[in-house]
file coords.csv (CSV, C-alpha atoms and all ligand atoms)
chain,number,residue,atom,x,y,z
L,1,ARG,CA,-12.0,13.4,25.6
L,2,GLN,CA,-9.4,12.5,28.2
L,3,LEU,CA,-8.0,9.5,26.3
L,4,GLU,CA,-7.5,11.6,23.2
L,5,PHE,CA,-5.6,14.2,25.2
L,6,ALA,CA,-3.4,11.6,26.7
L,7,LEU,CA,-2.8,9.9,23.3
L,8,ARG,CA,-1.6,13.2,21.8
L,9,GLN,CA,1.3,13.1,24.3
L,10,ALA,CA,1.9,9.4,24.1
L,11,LEU,CA,4.6,9.5,21.5
L,12,GLU,CA,6.7,12.2,23.1
L,13,ARG,CA,6.3,10.6,26.5
L,14,ARG,CA,7.5,7.3,25.0
L,15,GLU,CA,4.4,5.4,26.2
L,16,LEU,CA,4.0,3.3,23.1
L,17,VAL,CA,5.8,0.0,22.6
L,18,LEU,CA,5.6,-2.7,20.0
L,19,ASN,CA,4.9,-6.3,20.6
L,20,TYR,CA,5.7,-9.0,18.0
L,21,GLN,CA,3.6,-12.0,17.2
L,22,PRO,CA,5.3,-14.8,15.2
L,23,VAL,CA,3.9,-16.1,11.9
L,24,VAL,CA,5.1,-19.6,11.1
L,25,ASP,CA,5.4,-21.6,7.9
L,26,ALA,CA,2.4,-24.1,7.9
L,27,THR,CA,4.6,-27.1,7.0
L,28,SER,CA,8.0,-26.5,8.7
L,29,GLU,CA,6.5,-24.5,11.6
L,30,SER,CA,9.6,-22.2,11.5
L,31,VAL,CA,9.1,-18.5,12.1
L,32,VAL,CA,8.9,-16.6,8.8
L,33,SER,CA,7.9,-13.2,10.1
L,34,PHE,CA,6.5,-11.2,13.0
L,35,GLU,CA,3.5,-8.9,13.1
L,36,ALA,CA,4.2,-5.7,15.0
L,37,LEU,CA,1.3,-4.9,17.3
L,38,VAL,CA,1.3,-1.5,19.2
L,39,ARG,CA,0.7,-1.3,22.9
L,40,TRP,CA,0.0,1.8,25.0
L,41,ASN,CA,1.0,2.1,28.7
L,42,SER,CA,-0.4,5.4,29.6
L,43,THR,CA,1.1,7.2,32.6
L,44,ASP,CA,-2.3,8.6,33.4
L,45,HIS,CA,-4.7,5.8,32.4
L,46,GLY,CA,-2.6,2.6,32.7
L,47,PRO,CA,-2.5,0.0,29.9
L,48,ILE,CA,-5.0,0.7,27.1
L,49,SER,CA,-5.8,-2.0,24.5
L,50,PRO,CA,-5.3,-1.1,20.8
L,51,GLY,CA,-8.9,-2.2,20.2
L,52,LYS,CA,-9.7,0.9,22.2
L,53,PHE,CA,-7.1,3.5,21.2
L,54,VAL,CA,-6.5,2.7,17.6
L,55,PRO,CA,-10.0,3.7,16.6
L,56,ILE,CA,-9.5,7.0,18.5
L,57,ALA,CA,-6.2,7.5,16.8
L,58,GLU,CA,-7.9,6.9,13.4
L,59,ASP,CA,-10.7,9.3,14.1
L,60,THR,CA,-8.3,12.1,15.2
L,61,ARG,CA,-5.7,11.3,12.5
L,62,LEU,CA,-3.2,10.8,15.3
L,63,ILE,CA,-2.7,7.4,13.6
L,64,VAL,CA,-0.5,9.2,11.0
L,65,PRO,CA,2.3,10.2,13.4
L,66,ILE,CA,1.8,7.1,15.5
L,67,GLY,CA,1.9,4.9,12.4
L,68,THR,CA,5.1,6.5,11.3
L,69,TRP,CA,6.6,5.8,14.6
L,70,VAL,CA,5.4,2.2,14.4
L,71,LEU,CA,7.0,1.8,11.0
L,72,GLU,CA,10.3,3.2,12.1
L,73,GLN,CA,10.5,1.3,15.4
L,74,ALA,CA,9.4,-2.0,13.7
L,75,CYS,CA,12.0,-1.7,11.0
L,76,ARG,CA,14.7,-0.8,13.5
L,77,GLU,CA,13.9,-3.8,15.8
L,78,ALA,CA,13.6,-6.2,12.8
L,79,THR,CA,17.3,-5.5,11.8
L,80,ARG,CA,18.3,-7.5,14.8
L,81,TRP,CA,16.6,-10.7,13.5
L,82,PRO,CA,18.0,-13.2,11.1
L,83,GLU,CA,17.8,-12.0,7.5
L,84,HIS,CA,15.1,-14.4,6.4
L,85,VAL,CA,12.7,-13.2,9.0
L,86,ARG,CA,10.3,-10.5,7.8
L,87,ILE,CA,8.4,-7.8,9.6
L,88,ALA,CA,4.7,-7.1,9.0
L,89,VAL,CA,3.3,-3.7,10.0
L,90,ASN,CA,-0.4,-2.7,10.1
L,91,VAL,CA,-1.2,0.4,8.1
L,92,SER,CA,-4.5,2.3,8.6
L,93,PRO,CA,-6.4,3.8,5.7
L,94,GLU,CA,-5.7,7.4,7.0
L,95,GLN,CA,-1.9,6.7,6.5
L,96,LEU,CA,-2.4,5.4,3.0
L,97,PHE,CA,-4.4,8.4,2.0
L,98,GLU,CA,-1.5,10.6,2.9
L,99,PRO,CA,0.1,11.3,-0.5
L,100,ASP,CA,3.6,11.0,0.9
L,101,PHE,CA,3.1,7.6,2.5
L,102,ALA,CA,5.7,6.0,0.3
L,103,THR,CA,8.2,8.6,1.4
L,104,THR,CA,7.5,7.7,5.0
L,105,VAL,CA,8.3,4.0,4.2
L,106,VAL,CA,11.5,5.0,2.4
L,107,ARG,CA,12.6,7.0,5.4
L,108,ALA,CA,11.9,4.1,7.8
L,109,LEU,CA,13.9,1.7,5.6
L,110,THR,CA,16.8,4.1,5.1
L,111,ALA,CA,17.0,5.1,8.8
L,112,SER,CA,17.0,1.5,9.9
L,113,GLY,CA,19.0,-0.1,7.1
L,114,LEU,CA,16.3,-2.7,6.7
L,115,GLU,CA,16.0,-4.2,3.2
L,116,ALA,CA,12.7,-3.4,1.6
L,117,ARG,CA,12.0,-7.1,0.8
L,118,ARG,CA,11.8,-7.8,4.5
L,119,LEU,CA,9.0,-5.4,5.1
L,120,GLU,CA,5.3,-6.3,4.6
L,121,LEU,CA,2.5,-3.8,5.1
L,122,GLU,CA,-0.9,-5.1,6.2
L,123,VAL,CA,-4.0,-3.3,5.0
L,124,THR,CA,-7.7,-4.1,5.3
L,125,GLU,CA,-10.5,-4.1,2.7
L,126,SER,CA,-11.7,-0.9,4.3
L,127,ILE,CA,-9.2,1.1,2.1
L,128,PHE,CA,-11.5,0.2,-0.8
L,129,LEU,CA,-14.6,1.8,0.7
L,130,ARG,CA,-13.3,5.2,-0.3
L,131,ASP,CA,-11.8,6.4,-3.6
L,132,ALA,CA,-9.1,3.8,-3.8
L,133,SER,CA,-6.8,5.6,-6.3
L,134,VAL,CA,-4.6,7.4,-3.8
L,135,ALA,CA,-4.3,4.2,-1.6
L,136,ARG,CA,-3.5,2.1,-4.7
L,137,SER,CA,-0.9,4.5,-5.8
L,138,SER,CA,0.7,4.5,-2.3
L,139,LEU,CA,0.7,0.7,-2.4
L,140,GLU,CA,2.2,0.5,-5.9
L,141,GLN,CA,5.0,2.8,-4.9
L,142,VAL,CA,6.0,0.7,-1.9
L,143,MET,CA,5.7,-2.5,-3.9
L,144,ALA,CA,8.1,-0.9,-6.5
L,145,LEU,CA,10.5,-0.5,-3.6
L,146,GLY,CA,10.4,-4.2,-3.0
L,147,CYS,CA,8.0,-4.3,0.0
L,148,THR,CA,5.0,-6.7,-0.1
L,149,VAL,CA,1.4,-6.0,0.9
L,150,ALA,CA,-0.9,-8.4,2.8
L,151,LEU,CA,-4.7,-8.2,2.9
L,152,ASP,CA,-5.7,-8.4,6.6
L,153,ASP,CA,-8.9,-9.6,8.2
L,154,PHE,CA,-10.1,-11.1,4.9
L,155,GLY,CA,-13.7,-11.9,4.7
L,156,THR,CA,-14.9,-9.4,7.3
L,157,GLY,CA,-15.2,-6.3,5.2
L,158,TYR,CA,-18.0,-5.1,3.0
L,159,SER,CA,-16.2,-4.4,-0.2
L,160,SER,CA,-16.4,-6.3,-3.5
L,161,LEU,CA,-13.7,-8.7,-4.7
L,162,GLY,CA,-13.0,-6.5,-7.7
L,163,TYR,CA,-10.0,-4.9,-6.0
L,164,LEU,CA,-8.1,-8.2,-6.0
L,165,ARG,CA,-7.6,-7.7,-9.7
L,166,LYS,CA,-6.0,-4.3,-9.1
L,167,ILE,CA,-3.6,-4.9,-6.3
L,168,LYS,CA,-1.1,-7.6,-6.3
L,169,PHE,CA,-1.3,-8.7,-2.6
L,170,SER,CA,1.4,-11.2,-1.6
L,171,THR,CA,-0.8,-12.7,1.1
L,172,ILE,CA,-4.4,-13.0,2.1
L,173,LYS,CA,-4.9,-13.2,5.9
L,174,VAL,CA,-7.9,-15.3,6.6
L,175,ASP,CA,-9.8,-13.7,9.5
L,176,ARG,CA,-9.7,-15.5,12.8
L,177,SER,CA,-13.5,-15.8,12.9
L,178,PHE,CA,-13.4,-18.4,10.1
L,179,VAL,CA,-10.5,-20.3,11.8
L,180,THR,CA,-12.4,-20.5,15.1
L,181,GLY,CA,-15.6,-21.4,13.3
L,182,ALA,CA,-13.9,-24.2,11.4
L,183,ALA,CA,-12.4,-25.6,14.6
L,184,GLN,CA,-15.9,-25.7,16.0
L,185,ASP,CA,-17.0,-27.8,13.1
L,186,SER,CA,-18.8,-25.1,11.2
L,187,LYS,CA,-19.1,-26.6,7.7
L,188,GLU,CA,-19.5,-23.1,6.3
L,189,SER,CA,-16.3,-21.8,7.8
L,190,LEU,CA,-14.4,-24.8,6.4
L,191,ALA,CA,-15.9,-24.2,3.0
L,192,ILE,CA,-15.0,-20.5,3.1
L,193,ILE,CA,-11.3,-21.2,4.1
L,194,ARG,CA,-11.1,-23.8,1.3
L,195,ALA,CA,-12.5,-21.3,-1.2
L,196,VAL,CA,-10.2,-18.5,-0.1
L,197,VAL,CA,-7.1,-20.8,-0.3
L,198,ALA,CA,-8.2,-21.9,-3.8
L,199,MET,CA,-8.8,-18.3,-4.9
L,200,ALA,CA,-5.5,-17.1,-3.4
L,201,GLU,CA,-3.6,-19.9,-5.2
L,202,SER,CA,-5.0,-19.0,-8.6
L,203,LEU,CA,-4.2,-15.4,-7.9
L,204,GLU,CA,-0.6,-16.5,-7.0
L,205,MET,CA,-1.1,-15.1,-3.4
L,206,SER,CA,-0.2,-17.0,-0.2
L,207,THR,CA,-2.6,-17.4,2.7
L,208,THR,CA,-2.1,-16.9,6.5
L,209,ALA,CA,-4.6,-18.3,8.9
L,210,GLU,CA,-5.1,-16.0,11.9
L,211,GLY,CA,-6.1,-17.0,15.4
L,212,VAL,CA,-4.9,-20.6,15.5
L,213,GLU,CA,-5.0,-21.6,19.2
L,214,SER,CA,-4.4,-25.4,19.3
L,215,ALA,CA,-2.6,-28.2,17.6
L,216,GLU,CA,-5.9,-29.4,16.3
L,217,GLU,CA,-6.6,-26.1,14.6
L,218,ALA,CA,-3.1,-26.0,13.2
L,219,ASP,CA,-3.6,-29.5,11.7
L,220,MET,CA,-6.9,-28.5,10.2
L,221,ILE,CA,-5.4,-25.4,8.7
L,222,ARG,CA,-2.5,-27.3,7.3
L,223,ARG,CA,-4.9,-29.8,5.6
L,224,LEU,CA,-6.8,-26.9,4.1
L,225,GLY,CA,-3.6,-25.7,2.5
L,226,CYS,CA,-3.0,-22.4,4.1
L,227,THR,CA,0.7,-21.3,3.6
L,228,LYS,CA,1.3,-19.7,7.0
L,229,ILE,CA,-0.2,-19.8,10.5
L,230,GLN,CA,-0.4,-17.1,13.2
L,231,GLY,CA,-2.0,-17.5,16.6
L,232,TYR,CA,-1.6,-18.0,20.3
L,233,TYR,CA,-0.7,-21.7,19.7
L,234,PHE,CA,2.6,-20.7,18.0
L,235,GLY,CA,3.1,-17.5,20.0
L,236,ARG,CA,1.4,-14.6,21.6
L,237,PRO,CA,2.4,-11.0,20.9
L,238,MET,CA,5.6,-10.6,22.8
L,239,PRO,CA,8.1,-7.8,23.7
L,240,ALA,CA,11.0,-7.3,21.3
L,241,GLU,CA,13.6,-8.9,23.6
L,242,ASP,CA,11.5,-12.1,23.8
L,243,ALA,CA,11.2,-12.2,20.0
L,244,LEU,CA,14.9,-11.9,19.7
L,245,ARG,CA,15.4,-14.7,22.2
L,246,LEU,CA,13.5,-17.1,20.0
L,247,PHE,CA,16.5,-17.0,17.6
L,248,ARG,CA,19.2,-17.0,20.3
L,249,ARG,CA,17.8,-20.3,21.6
L,250,ARG,CA,17.2,-22.0,18.2
L,251,PRO,CA,19.5,-20.4,15.7
X,1,LIG,O1,-3.0,-6.5,19.3
X,1,LIG,P1,-4.5,-6.6,19.2
X,1,LIG,O2,-5.1,-7.9,18.6
X,1,LIG,O3,-5.2,-6.3,20.5
X,1,LIG,O4,-4.9,-5.5,18.2
X,1,LIG,C1,-6.2,-5.0,18.1
X,1,LIG,C2,-6.4,-4.2,16.8
X,1,LIG,O5,-5.4,-3.1,16.7
X,1,LIG,C3,-6.2,-5.1,15.6
X,1,LIG,O6,-7.2,-4.8,14.7
X,1,LIG,C4,-4.8,-4.6,15.0
X,1,LIG,O7,-4.8,-4.7,13.6
X,1,LIG,C5,-4.8,-3.2,15.5
X,1,LIG,N1,-3.4,-2.7,15.6
X,1,LIG,C6,-2.5,-3.2,16.4
X,1,LIG,N2,-1.3,-2.6,16.2
X,1,LIG,C7,-1.5,-1.7,15.2
X,1,LIG,C8,-0.7,-0.7,14.5
X,1,LIG,O8,0.5,-0.6,14.8
X,1,LIG,N3,-1.3,0.1,13.6
X,1,LIG,C9,-2.6,0.0,13.3
X,1,LIG,N4,-3.1,0.8,12.4
X,1,LIG,N5,-3.4,-0.9,13.9
X,1,LIG,C10,-2.9,-1.8,14.8
X,2,LIG,O1,-6.7,-7.1,13.0
X,2,LIG,P1,-5.4,-7.8,13.2
X,2,LIG,O2,-5.4,-9.2,12.5
X,2,LIG,O3,-4.2,-7.0,13.0
X,2,LIG,O4,-5.4,-8.2,14.8
X,2,LIG,C1,-4.5,-9.0,15.4
X,2,LIG,C2,-5.0,-9.2,16.8
X,2,LIG,O5,-5.4,-10.6,16.9
X,2,LIG,C3,-4.0,-8.9,17.8
X,2,LIG,O6,-4.5,-8.1,18.8
X,2,LIG,C4,-3.6,-10.2,18.4
X,2,LIG,O7,-3.4,-10.1,19.8
X,2,LIG,C5,-4.9,-11.0,18.2
X,2,LIG,N1,-4.6,-12.5,18.1
X,2,LIG,C6,-3.5,-13.0,17.5
X,2,LIG,N2,-3.5,-14.4,17.6
X,2,LIG,C7,-4.7,-14.7,18.3
X,2,LIG,C8,-5.3,-15.9,18.7
X,2,LIG,O8,-4.8,-17.0,18.5
X,2,LIG,N3,-6.4,-15.8,19.4
X,2,LIG,C9,-7.0,-14.6,19.6
X,2,LIG,N4,-8.2,-14.6,20.3
X,2,LIG,N5,-6.5,-13.5,19.3
X,2,LIG,C10,-5.3,-13.5,18.6
X,3,NA,NA,-2.8,-7.2,11.1
X,4,MN,MN,-6.1,-9.6,11.1
call {"tool": "encode", "arguments": {"input": "coords.csv", "output": "structure tokens"}}
result
Amino acid sequence: RQLEFALRQALERRELVLNYQPVVDATSESVVSFEALVRWNSTDHGPISPGKFVPIAEDTRLIVPIGTWVLEQACREATRWPEHVRIAVNVSPEQLFEPDFATTVVRALTASGLEARRLELEVTESIFLRDASVARSSLEQVMALGCTVALDDFGTGYSSLGYLRKIKFSTIKVDRSFVTGAAQDSKESLAIIRAVVAMAESLEMSTTAEGVESAEEADMIRRLGCTKIQGYYFGRPMPAEDALRLFRRRP
């Protein structure tokens, strides 16, 4: 396929860039972290959305070198932010099933000089659909370094809850479909968010609501007790320079 061919060259042609979306504390509304989101401006095909090329990268395992670049670049750019601001990086199952994933993380931290405690890795429930022992071991190794792990898109996967006993996630990210539903007065969505928050609290995990697009949604999420909020209302994914400027203006 044409896109696959172009994607193979994307790294050496420096066509990938990272955007950063702020995550704020639900109470103070101050920025606690940024999520790195990869963007591809293909010389041959123009801008291509990650929804389109990430699945291709995963199928072809190109996500492994791309993911390594994302980790290195995100760590490097995060060193320019205030020390209390953390960086969250999405990690695909293919990356976690590489036995030397933890080494890749160590290299990214060492090369950038970023402290391990400032790095959060986001994984989805899909890692538990396969034999989870390799992935679990990778995650345990990076947690031993001081990194944290967040469970992304919670509630949209097909796996059981049993894995929550096995991996000490720092944060559960409530999928945006529940947030949008709750804002549209879906009693079911509200009930699900409330239940996830209660479950996370008893497991000593925090919660991030994804996809908050208005002040009303932010209020509702705050009332439901989510710890952190992410969404267009507090900031869209932005280039690194714009993320940096948020601190220059309001130190
Ligand atoms: O940024 P956007 O919402 O368009 O992202 C679409 C999808 O691509 C999301 O599911 C997101 O998690 C995924 N994605 C974005 N950046 C990365 C990345 O660096 N690595 C991986 N594995 N997935 C990413
Ligand atoms: O799968 P993951 O949660 O990593 O995907 C993040 C994606 O969600 C990014 O592509 C980002 O652009 C998108 N996103 C972030 N905030 C909002 C929002 O408030 N509304 C919508 N519709 N999408 C959002
Ligand atoms: Na994510
Ligand atoms: Mn998500």
call {"tool": "closest_atom_pairs", "arguments": {"input": "coords.csv", "of": "chain L", "to": "ligand LIG 2 (chain X)", "cutoff": "6 Å", "atoms": "only C-alpha atoms and all ligand atoms", "output": "Markdown table"}}
result
| residue | atom | partner | partner_atom | distance |
| --- | --- | --- | --- | --- |
| L:Asp152 | CA | X:LIG2 | O2 | 6.0 |
| L:Asp153 | CA | X:LIG2 | O2 | 5.6 |
| L:Gly211 | CA | X:LIG2 | O8 | 3.4 |
| L:Val212 | CA | X:LIG2 | O8 | 4.7 |
| L:Glu213 | CA | X:LIG2 | O8 | 4.7 |
| L:Gly231 | CA | X:LIG2 | O8 | 3.4 |
| L:Tyr232 | CA | X:LIG2 | O8 | 3.8 |
| L:Pro237 | CA | X:LIG2 | O7 | 6.0 |
call {"tool": "write_last_selection", "arguments": {"input": "coords.csv", "atoms": "C-alpha atoms", "output": "CSV table (one decimal), in the coordinates of the input"}}
result
chain,number,residue,atom,x,y,z
L,152,ASP,CA,-5.7,-8.4,6.6
L,153,ASP,CA,-8.9,-9.6,8.2
L,211,GLY,CA,-6.1,-17.0,15.4
L,212,VAL,CA,-4.9,-20.6,15.5
L,213,GLU,CA,-5.0,-21.6,19.2
L,231,GLY,CA,-2.0,-17.5,16.6
L,232,TYR,CA,-1.6,-18.0,20.3
L,237,PRO,CA,2.4,-11.0,20.9
call {"tool": "residues_near_point", "arguments": {"input": "coords.csv", "point": "(10.6, -0.2, 10.6)", "cutoff": "9 Å", "atoms": "all atoms listed in the file", "output": "ChimeraX atom specification"}}
result
/L:68-79,87,89,105,108-109,111-112,114,119
call {"tool": "residues_near_ligand", "arguments": {"input": "coords.csv", "ligand": "ligand LIG 1 (chain X)", "cutoff": "7 Å", "atoms": "all atoms listed in the file", "output": "PyMOL selection string"}}
result
chain L and resi 36-38+49-51+54+63+67+70+89-92
call {"tool": "atom_distance", "arguments": {"input": "coords.csv", "atom1": "CA of Pro55 in chain L", "atom2": "CA of Glu4 in chain L"}}
result
10.6 Å
call {"tool": "closest_atom_pairs", "arguments": {"input": "coords.csv", "of": "chain L", "to": "ligand MN 4 (chain X)", "cutoff": "10 Å", "atoms": "all atoms listed in the file", "output": "tab-separated table"}}
result
residue	atom	partner	partner_atom	distance
L:Glu35	CA	X:MN4	MN	9.8
L:Asn90	CA	X:MN4	MN	9.0
L:Glu122	CA	X:MN4	MN	8.4
L:Val123	CA	X:MN4	MN	9.0
L:Thr124	CA	X:MN4	MN	8.2
L:Ala150	CA	X:MN4	MN	9.9
L:Leu151	CA	X:MN4	MN	8.4
L:Asp152	CA	X:MN4	MN	4.7
L:Asp153	CA	X:MN4	MN	4.0
L:Phe154	CA	X:MN4	MN	7.5
L:Thr156	CA	X:MN4	MN	9.6
L:Ile172	CA	X:MN4	MN	9.8
L:Lys173	CA	X:MN4	MN	6.4
L:Val174	CA	X:MN4	MN	7.5
L:Asp175	CA	X:MN4	MN	5.7
L:Arg176	CA	X:MN4	MN	7.1
L:Ser177	CA	X:MN4	MN	9.8
L:Thr208	CA	X:MN4	MN	9.5
L:Ala209	CA	X:MN4	MN	9.1
L:Glu210	CA	X:MN4	MN	6.5
L:Gly211	CA	X:MN4	MN	8.6
L:Gln230	CA	X:MN4	MN	9.7
call {"tool": "closest_residue", "arguments": {"input": "coords.csv", "among": "L:Leu129, L:Ala135, L:Ile192, L:Arg39", "to": "Gly162 in chain L", "atoms": "all atoms listed in the file"}}
result
L:Leu129
call {"tool": "atom_distance", "arguments": {"input": "coords.csv", "atom1": "CA of Ala215 in chain L", "atom2": "CA of Val196 in chain L"}}
result
21.6 Å
call {"tool": "atom_distance", "arguments": {"input": "coords.csv", "atom1": "CA of Glu83 in chain L", "atom2": "CA of Arg245 in chain L"}}
result
15.1 Å
call {"tool": "closest_residue", "arguments": {"input": "coords.csv", "among": "L:Val149, L:Glu204, L:Tyr158, L:Phe5", "to": "ligand NA 3 (chain X)", "atoms": "all atoms listed in the file"}}
result
L:Val149
call {"tool": "build_atoms", "arguments": {"input": "coords.csv", "residues": "range 216-244 of chain L", "atoms": "N, CA and C atoms", "output": "PDB file, in the coordinates of the input"}}
result
ATOM      1  N   GLU L 216      -4.862 -28.970  17.122  1.00  0.00           N
ATOM      2  CA  GLU L 216      -5.900 -29.400  16.300  1.00  0.00           C
ATOM      3  C   GLU L 216      -6.250 -28.420  15.166  1.00  0.00           C
ATOM      4  N   GLU L 217      -6.334 -27.156  15.590  1.00  0.00           N
ATOM      5  CA  GLU L 217      -6.600 -26.100  14.600  1.00  0.00           C
ATOM      6  C   GLU L 217      -5.463 -25.994  13.607  1.00  0.00           C
ATOM      7  N   ALA L 218      -4.229 -26.123  14.099  1.00  0.00           N
ATOM      8  CA  ALA L 218      -3.100 -26.000  13.200  1.00  0.00           C
ATOM      9  C   ALA L 218      -3.131 -27.172  12.166  1.00  0.00           C
ATOM     10  N   ASP L 219      -3.475 -28.383  12.606  1.00  0.00           N
ATOM     11  CA  ASP L 219      -3.600 -29.500  11.700  1.00  0.00           C
ATOM     12  C   ASP L 219      -4.651 -29.278  10.625  1.00  0.00           C
ATOM     13  N   MET L 220      -5.788 -28.790  11.093  1.00  0.00           N
ATOM     14  CA  MET L 220      -6.900 -28.500  10.200  1.00  0.00           C
ATOM     15  C   MET L 220      -6.489 -27.504   9.125  1.00  0.00           C
ATOM     16  N   ILE L 221      -5.845 -26.447   9.590  1.00  0.00           N
ATOM     17  CA  ILE L 221      -5.400 -25.400   8.700  1.00  0.00           C
ATOM     18  C   ILE L 221      -4.405 -25.869   7.677  1.00  0.00           C
ATOM     19  N   ARG L 222      -3.493 -26.713   8.149  1.00  0.00           N
ATOM     20  CA  ARG L 222      -2.500 -27.300   7.300  1.00  0.00           C
ATOM     21  C   ARG L 222      -3.177 -28.134   6.180  1.00  0.00           C
ATOM     22  N   ARG L 223      -4.158 -28.948   6.613  1.00  0.00           N
ATOM     23  CA  ARG L 223      -4.900 -29.800   5.600  1.00  0.00           C
ATOM     24  C   ARG L 223      -5.634 -28.940   4.615  1.00  0.00           C
ATOM     25  N   LEU L 224      -6.119 -27.779   5.056  1.00  0.00           N
ATOM     26  CA  LEU L 224      -6.800 -26.900   4.100  1.00  0.00           C
ATOM     27  C   LEU L 224      -5.903 -26.192   3.164  1.00  0.00           C
ATOM     28  N   GLY L 225      -4.600 -26.262   3.442  1.00  0.00           N
ATOM     29  CA  GLY L 225      -3.600 -25.700   2.500  1.00  0.00           C
ATOM     30  C   GLY L 225      -3.182 -24.316   2.696  1.00  0.00           C
ATOM     31  N   CYS L 226      -3.466 -23.745   3.871  1.00  0.00           N
ATOM     32  CA  CYS L 226      -3.000 -22.400   4.100  1.00  0.00           C
ATOM     33  C   CYS L 226      -1.425 -22.442   4.159  1.00  0.00           C
ATOM     34  N   THR L 227      -0.802 -21.369   3.691  1.00  0.00           N
ATOM     35  CA  THR L 227       0.700 -21.300   3.600  1.00  0.00           C
ATOM     36  C   THR L 227       1.307 -21.059   4.949  1.00  0.00           C
ATOM     37  N   LYS L 228       0.701 -20.147   5.715  1.00  0.00           N
ATOM     38  CA  LYS L 228       1.300 -19.700   7.000  1.00  0.00           C
ATOM     39  C   LYS L 228       0.259 -19.683   8.078  1.00  0.00           C
ATOM     40  N   ILE L 229       0.740 -19.735   9.302  1.00  0.00           N
ATOM     41  CA  ILE L 229      -0.200 -19.800  10.500  1.00  0.00           C
ATOM     42  C   ILE L 229       0.288 -18.747  11.500  1.00  0.00           C
ATOM     43  N   GLN L 230      -0.691 -18.067  12.089  1.00  0.00           N
ATOM     44  CA  GLN L 230      -0.400 -17.100  13.200  1.00  0.00           C
ATOM     45  C   GLN L 230      -1.465 -17.369  14.252  1.00  0.00           C
ATOM     46  N   GLY L 231      -1.046 -17.287  15.492  1.00  0.00           N
ATOM     47  CA  GLY L 231      -2.000 -17.500  16.600  1.00  0.00           C
ATOM     48  C   GLY L 231      -1.342 -17.857  17.858  1.00  0.00           C
ATOM     49  N   TYR L 232      -2.116 -17.820  18.927  1.00  0.00           N
ATOM     50  CA  TYR L 232      -1.600 -18.000  20.300  1.00  0.00           C
ATOM     51  C   TYR L 232      -0.852 -19.394  20.377  1.00  0.00           C
ATOM     52  N   TYR L 233      -1.294 -20.407  19.588  1.00  0.00           N
ATOM     53  CA  TYR L 233      -0.700 -21.700  19.700  1.00  0.00           C
ATOM     54  C   TYR L 233       0.832 -21.651  19.346  1.00  0.00           C
ATOM     55  N   PHE L 234       1.197 -20.797  18.387  1.00  0.00           N
ATOM     56  CA  PHE L 234       2.600 -20.700  18.000  1.00  0.00           C
ATOM     57  C   PHE L 234       3.297 -19.512  18.703  1.00  0.00           C
ATOM     58  N   GLY L 235       2.542 -18.648  19.318  1.00  0.00           N
ATOM     59  CA  GLY L 235       3.100 -17.500  20.000  1.00  0.00           C
ATOM     60  C   GLY L 235       2.215 -16.360  20.186  1.00  0.00           C
ATOM     61  N   ARG L 236       2.192 -15.798  21.383  1.00  0.00           N
ATOM     62  CA  ARG L 236       1.400 -14.600  21.600  1.00  0.00           C
ATOM     63  C   ARG L 236       2.252 -13.389  21.220  1.00  0.00           C
ATOM     64  N   PRO L 237       1.604 -12.240  21.044  1.00  0.00           N
ATOM     65  CA  PRO L 237       2.400 -11.000  20.900  1.00  0.00           C
ATOM     66  C   PRO L 237       3.343 -10.860  22.043  1.00  0.00           C
ATOM     67  N   MET L 238       4.645 -10.606  21.772  1.00  0.00           N
ATOM     68  CA  MET L 238       5.600 -10.600  22.800  1.00  0.00           C
ATOM     69  C   MET L 238       6.556  -9.360  22.689  1.00  0.00           C
ATOM     70  N   PRO L 239       7.200  -8.950  23.804  1.00  0.00           N
ATOM     71  CA  PRO L 239       8.100  -7.800  23.700  1.00  0.00           C
ATOM     72  C   PRO L 239       9.302  -8.165  22.766  1.00  0.00           C
ATOM     73  N   ALA L 240       9.941  -7.123  22.254  1.00  0.00           N
ATOM     74  CA  ALA L 240      11.000  -7.300  21.300  1.00  0.00           C
ATOM     75  C   ALA L 240      12.136  -8.220  21.793  1.00  0.00           C
ATOM     76  N   GLU L 241      12.462  -8.105  23.078  1.00  0.00           N
ATOM     77  CA  GLU L 241      13.600  -8.900  23.600  1.00  0.00           C
ATOM     78  C   GLU L 241      13.201 -10.412  23.576  1.00  0.00           C
ATOM     79  N   ASP L 242      11.922 -10.742  23.831  1.00  0.00           N
ATOM     80  CA  ASP L 242      11.500 -12.100  23.800  1.00  0.00           C
ATOM     81  C   ASP L 242      11.517 -12.672  22.347  1.00  0.00           C
ATOM     82  N   ALA L 243      11.122 -11.820  21.401  1.00  0.00           N
ATOM     83  CA  ALA L 243      11.200 -12.200  20.000  1.00  0.00           C
ATOM     84  C   ALA L 243      12.595 -12.554  19.598  1.00  0.00           C
ATOM     85  N   LEU L 244      13.498 -11.699  20.013  1.00  0.00           N
ATOM     86  CA  LEU L 244      14.900 -11.900  19.700  1.00  0.00           C
ATOM     87  C   LEU L 244      15.432 -13.194  20.320  1.00  0.00           C
TER      88      LEU L 244
END
